[in-house]
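Peer 1: Just dropping this structure here.
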Amino acid sequence: MKQDEEVGDRSVPTLWTVPAVSDTAVAALSAILDDLESFSRFDSAAAAAAERAEQALTTARELGLVEFELRAQLVQADLVRRRGNVAEAGRVAQDVRRWAADHDSRHLLARSNHLLAAVFQELGDLSAALEHAVQAIDLLDEDAVPALRIDHLARMADCLGLQGDRGARERYVEVLQLAEEQGDVERQLLVLNNRSYVEMLAGEFETALGLATRLQTLAREHGVALSIGELDTVARALIGLGRLAEAEAVLLPGRSPELLDASPDGDAGADFLLTLAEVQRRQGRVAQAQETLDECVRRCEANGLTSIRVRARREQAELHAAGGHFEAAFAEHKLYSQEALDLQSAQRDARARALQAMYETTEARRQSRRYRELSLRDPLTGLYNRRFVDEQFPRLLEAIAGTEEAIAVALLDLDHFKRVNDTFSHDVGDQVLRIVADLLEQATPAADAGGSFAARMGGEEFLLVLVGADPATAARQLEDVRRSVAAHPWGELVPGLPVTISAGLVSTVGVLRQVEAPCLVLQTPAAMAAGSAAIRRARSSSLIPPQTP
């Protein structure tokens, strides 16, 4: 007698036996699944692929071929992922991988890990993605279809590249050579596109353009029309080198509504239009850029493309400024900044929900806690963010109410930080913020044990919460922080420009009384305002003023 276990949406026998099925039927079904697994571009024929996968699954189920059925499920899950349901794809991949491990099915283990690498890549967990990508390669049989080996190696190269690992280049070279040996033009185009994108992320625009040019040449030689995503890659490489007219010439063929609607990225061409609007604006054609951006926004709103819509606000602010409408530009940039923060928080919450849906186990809870922690961190510096402050600070106040324990709160502001951005670039400014954040964390070594913490409130403004520190002790600690920032060897990063901080300090000593929690929350903004006022006073007095040690 056999017990059943759940895999995907149905039960399968725990004793894995292949029923008596004709070799012809098995070979035919195997060929269909090989073909589906080797599809390099589901996007170009997604509906047909989905139909074939459903037919293969039904046939495998009727024949009682469990492994073939699960292979079909993985194909379906990958299609689901490409349509945006990452959580469902991850759930299926986890179920199949579990079954494959129990039944020693190397092919299913390789394919499920391959899909999980894509899932975690989209969730932003590149370490987990790389781990699954490596396993997918190790588990792939030596006699696997060459297209699968190319796909598995390419995914690992993508994971390495997105992490900034220079080893990605060697992998891309290896994968491209394999694709050339197989005469696989589709995969050659894919590898060239992805490597060009990764080089751009690394700021290597000359290398990226060389790869993009090879992409164009290969497509032209084989009569393959580049997708608008690939056109965007070529244009972005040219934009990075300031060759705007050439970038626009590359983009123009993709403007037709038919091509935009058929975007393989599922964004109705909105991202492509955003790139085109930037190119037109930077060439001084503000009115034309505005028309392009309006169409981009229309497609964003029609298709619920929140992320691209937020970026479109930044471009709109640039357009207002280019037209001399500086008040409108400022208002639009404020909207962009707020919506970007909201989107960041929403994306992290969505990742946590997706992971929870994937696992629904102890592992899920562990990963969910991890993503919950990420949602409370500033992505640039790794410090806690304003959301954490809003949640944790009232709890700390409530905990010490009616006791002798004190909490000191310092607001710190980088002096004349705009000069860093204006003189050296925003990238250098970001590096300065990260270094200052590290110095602040060093000032709160017992954060986990005592509750003290450092946070970035936004821009160049930081918060330091010191639990158990009386005003005098807190002032000494704050002075140590000021000195460590001023003494840091900034000359290598921002030669000729000092980096200093001003700070304001408030304490609960003598001002906090036994009150209900809601009242404590209401007092928090007052404390913040007091700190801000102290910073303003510091810049005109001796309270931790900006100076060199």
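Lettering and numbering for the structure tokens are positional, with chains as A, B, ... in the shown order, residues counted from 1 in each chain, and ligands counted from 1 in the shown order.
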To test your reading of the structure, identify every residue in stretch 79-264 of chain A that backbone DSSP assigns to helix (DSSP H, G or I), and report it as an MDAnalysis selection string.
Peer 2: chainID A and resid 79:82 86:102 106:122 126:139 146:162 167:181 185:201 205:221 228:240 244:255 257:261
Peer 1: Need the shell around stretch 226-238 of chain A: protein/DNA/RNA residues with any atom at most 7 Å away, counting only C-alpha atoms. Skip same-chain ones fewer than 6 positions apart. Format as a PyMOL selection string?
Peer 2: chain A and resi 193+197+200+205+208-209+212+219+244+246-247+250-251+254+263+272
Peer 1: Let's have the selection written as a JSON list (two decimals), in the first residue's frame, with C-alpha atoms.
Peer 2:
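result_4.json, freshly written:
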[["chain", "number", "residue", "atom", "x", "y", "z"],
["A", 193, "ASN", "CA", 22.82, 41.94, -23.86],
["A", 197, "TYR", "CA", 24.09, 45.66, -18.94],
["A", 200, "MET", "CA", 27.19, 49.47, -17.46],
["A", 205, "PHE", "CA", 30.59, 52.10, -20.74],
["A", 208, "ALA", "CA", 29.43, 47.86, -22.65],
["A", 209, "LEU", "CA", 29.23, 49.65, -26.00],
["A", 212, "ALA", "CA", 26.22, 46.22, -27.59],
["A", 219, "ALA", "CA", 21.26, 40.47, -35.03],
["A", 244, "LEU", "CA", 23.06, 61.19, -27.29],
["A", 246, "GLU", "CA", 23.41, 58.05, -31.71],
["A", 247, "ALA", "CA", 21.42, 56.76, -28.73],
["A", 250, "VAL", "CA", 19.06, 53.43, -31.92],
["A", 251, "LEU", "CA", 15.83, 53.96, -29.98],
["A", 254, "GLY", "CA", 11.24, 50.86, -31.23],
["A", 263, "SER", "CA", 7.81, 44.42, -24.88],
["A", 272, "PHE", "CA", 12.03, 52.22, -23.12]]
Peer 1: Give me the residues near stretch 92-99 of chain A as a VMD selection string, where near means some atom within 7 Å (using only C-alpha atoms) and where sequence neighbours in that chain fewer than 2 positions away do not count.
Peer 2: chain A and resid 7 to 8 70 74 77 88 to 90 101 to 103 108 to 109 112 115 to 116
Peer 1: Which distance in Å separates atom CA of A:Gln283 and atom CA of A:Glu248, to one decimal?
Peer 2: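 These two atoms are separated by 9.7 Å.
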Peer 1: Find the residue from A:Ala486, A:Ser337, A:Ala455, A:Val499 that sits nearest to A:Phe388; use only C-alpha atoms when measuring.
Peer 2: A:Ala455
Peer 1: Residues at most 12 Å from A:Asp78, counting only C-alpha atoms, excluding those fewer than 5 positions away in the same chain, as JSON, numbers by chain?
Peer 2: {"A": [36, 37, 39, 40, 41, 42, 43, 46, 49, 50, 53, 71, 72, 73, 83, 84, 85, 86, 87, 88, 89, 90, 91, 92, 93, 111, 112, 113, 114, 115, 116, 117, 118, 119]}
Peer 1: Could you please determine the separation between atom CA of A:Ala328 and atom CA of A:Glu460 in Å, to one decimal place?
Peer 2: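 If I compute the distance from atom CA of A:Ala328 to atom CA of A:Glu460, I get 23.7 Å.
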Peer 1: Quick one: distance from atom CA of A:Leu260 to atom CA of A:Ala321 in Å, one decimal?
Peer 2: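 One can read the atom CA of A:Leu260 to atom CA of A:Ala321 distance as 28.0 Å.
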Peer 1: Looking only at the backbone, which of the residues in stretch 293-524 of chain A does DSSP tag as strand (DSSP E), as an MDAnalysis selection string?
Peer 2: chainID A and resid 407:414 453:458 461:467 501:507
Peer 1: Keeping N, CA, C and O atoms for every residue in the selection just given, could you write it to a file as a compact mmCIF listing (two decimals), in the first residue's frame?
Peer 2:
# COMPACT_ATOMS: atom_id res chain seq x y z
N ILE A 407 17.73 58.35 28.45
CA ILE A 407 18.00 58.18 27.01
C ILE A 407 18.42 59.54 26.47
O ILE A 407 17.76 60.55 26.71
N ALA A 408 19.52 59.55 25.75
CA ALA A 408 19.97 60.77 25.07
C ALA A 408 19.78 60.58 23.58
O ALA A 408 20.04 59.51 23.03
N VAL A 409 19.31 61.63 22.92
CA VAL A 409 19.05 61.58 21.48
C VAL A 409 19.82 62.71 20.81
O VAL A 409 19.70 63.87 21.21
N ALA A 410 20.60 62.34 19.81
CA ALA A 410 21.39 63.36 19.09
C ALA A 410 20.99 63.35 17.63
O ALA A 410 20.88 62.30 17.01
N LEU A 411 20.76 64.52 17.11
CA LEU A 411 20.57 64.69 15.67
C LEU A 411 21.87 65.25 15.09
O LEU A 411 22.39 66.25 15.58
N LEU A 412 22.40 64.57 14.07
CA LEU A 412 23.66 64.97 13.48
C LEU A 412 23.44 65.31 12.01
O LEU A 412 22.68 64.63 11.31
N ASP A 413 24.13 66.33 11.57
CA ASP A 413 23.97 66.80 10.19
C ASP A 413 25.35 67.04 9.59
O ASP A 413 26.20 67.66 10.23
N LEU A 414 25.59 66.53 8.39
CA LEU A 414 26.86 66.79 7.72
C LEU A 414 26.89 68.24 7.25
O LEU A 414 25.96 68.71 6.60
N PHE A 453 21.12 52.84 19.25
CA PHE A 453 21.22 52.60 17.82
C PHE A 453 21.50 53.90 17.08
O PHE A 453 21.30 54.99 17.61
N ALA A 454 21.99 53.73 15.85
CA ALA A 454 22.18 54.85 14.94
C ALA A 454 21.23 54.67 13.77
O ALA A 454 20.94 53.55 13.35
N ALA A 455 20.73 55.78 13.23
CA ALA A 455 19.78 55.72 12.11
C ALA A 455 20.06 56.85 11.14
O ALA A 455 20.60 57.90 11.52
N ARG A 456 19.71 56.62 9.91
CA ARG A 456 19.74 57.70 8.91
C ARG A 456 18.31 58.18 8.71
O ARG A 456 17.43 57.40 8.33
N MET A 457 18.11 59.46 8.95
CA MET A 457 16.75 60.00 8.87
C MET A 457 16.40 60.46 7.47
O MET A 457 15.23 60.66 7.14
N GLY A 458 17.40 60.61 6.62
CA GLY A 458 17.17 61.07 5.27
C GLY A 458 18.24 62.07 4.88
O GLY A 458 18.75 62.82 5.72
N GLU A 461 21.19 63.69 7.18
CA GLU A 461 20.80 63.81 8.58
C GLU A 461 20.74 62.44 9.25
O GLU A 461 20.14 61.49 8.72
N PHE A 462 21.39 62.33 10.42
CA PHE A 462 21.47 61.06 11.14
C PHE A 462 20.94 61.24 12.56
O PHE A 462 20.88 62.36 13.09
N LEU A 463 20.58 60.13 13.17
CA LEU A 463 20.09 60.12 14.55
C LEU A 463 20.91 59.13 15.35
O LEU A 463 21.22 58.03 14.89
N LEU A 464 21.28 59.53 16.56
CA LEU A 464 22.01 58.64 17.47
C LEU A 464 21.21 58.56 18.76
O LEU A 464 20.94 59.59 19.39
N VAL A 465 20.78 57.36 19.12
CA VAL A 465 20.02 57.15 20.35
C VAL A 465 20.90 56.38 21.32
O VAL A 465 21.34 55.26 21.02
N LEU A 466 21.18 56.97 22.46
CA LEU A 466 22.08 56.38 23.45
C LEU A 466 21.29 56.06 24.71
O LEU A 466 20.89 56.96 25.46
N VAL A 467 21.05 54.79 24.94
CA VAL A 467 20.27 54.34 26.10
C VAL A 467 21.21 54.20 27.30
O VAL A 467 22.27 53.59 27.21
N ILE A 501 30.71 67.41 11.03
CA ILE A 501 29.31 67.31 11.42
C ILE A 501 28.98 68.35 12.47
O ILE A 501 29.85 68.81 13.21
N SER A 502 27.70 68.73 12.51
CA SER A 502 27.15 69.50 13.62
C SER A 502 26.11 68.60 14.27
O SER A 502 25.51 67.74 13.62
N ALA A 503 25.89 68.79 15.57
CA ALA A 503 24.95 67.92 16.26
C ALA A 503 24.23 68.67 17.36
O ALA A 503 24.75 69.62 17.95
N GLY A 504 23.02 68.23 17.61
CA GLY A 504 22.24 68.75 18.72
C GLY A 504 21.84 67.60 19.62
O GLY A 504 21.58 66.49 19.14
N LEU A 505 21.82 67.82 20.92
CA LEU A 505 21.59 66.74 21.88
C LEU A 505 20.44 67.09 22.81
O LEU A 505 20.36 68.21 23.31
N VAL A 506 19.52 66.13 23.01
CA VAL A 506 18.47 66.26 24.02
C VAL A 506 18.49 65.00 24.87
O VAL A 506 18.97 63.95 24.45
N SER A 507 17.95 65.11 26.10
CA SER A 507 17.96 63.99 27.03
C SER A 507 16.62 63.91 27.74
O SER A 507 15.90 64.90 27.88
Peer 1: Contacts of A:Gln177 at 12 Å or less, counting only C-alpha atoms, minus same-chain residues fewer than 6 places along, as a list in words?
Peer 2: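 Everything that qualifies: Pro146, Ile150, Leu153, Ala154, Glu170, Arg171, Gly183, Asp184, Val185, Arg187, Gln188, Val191 and Leu192 of chain A.
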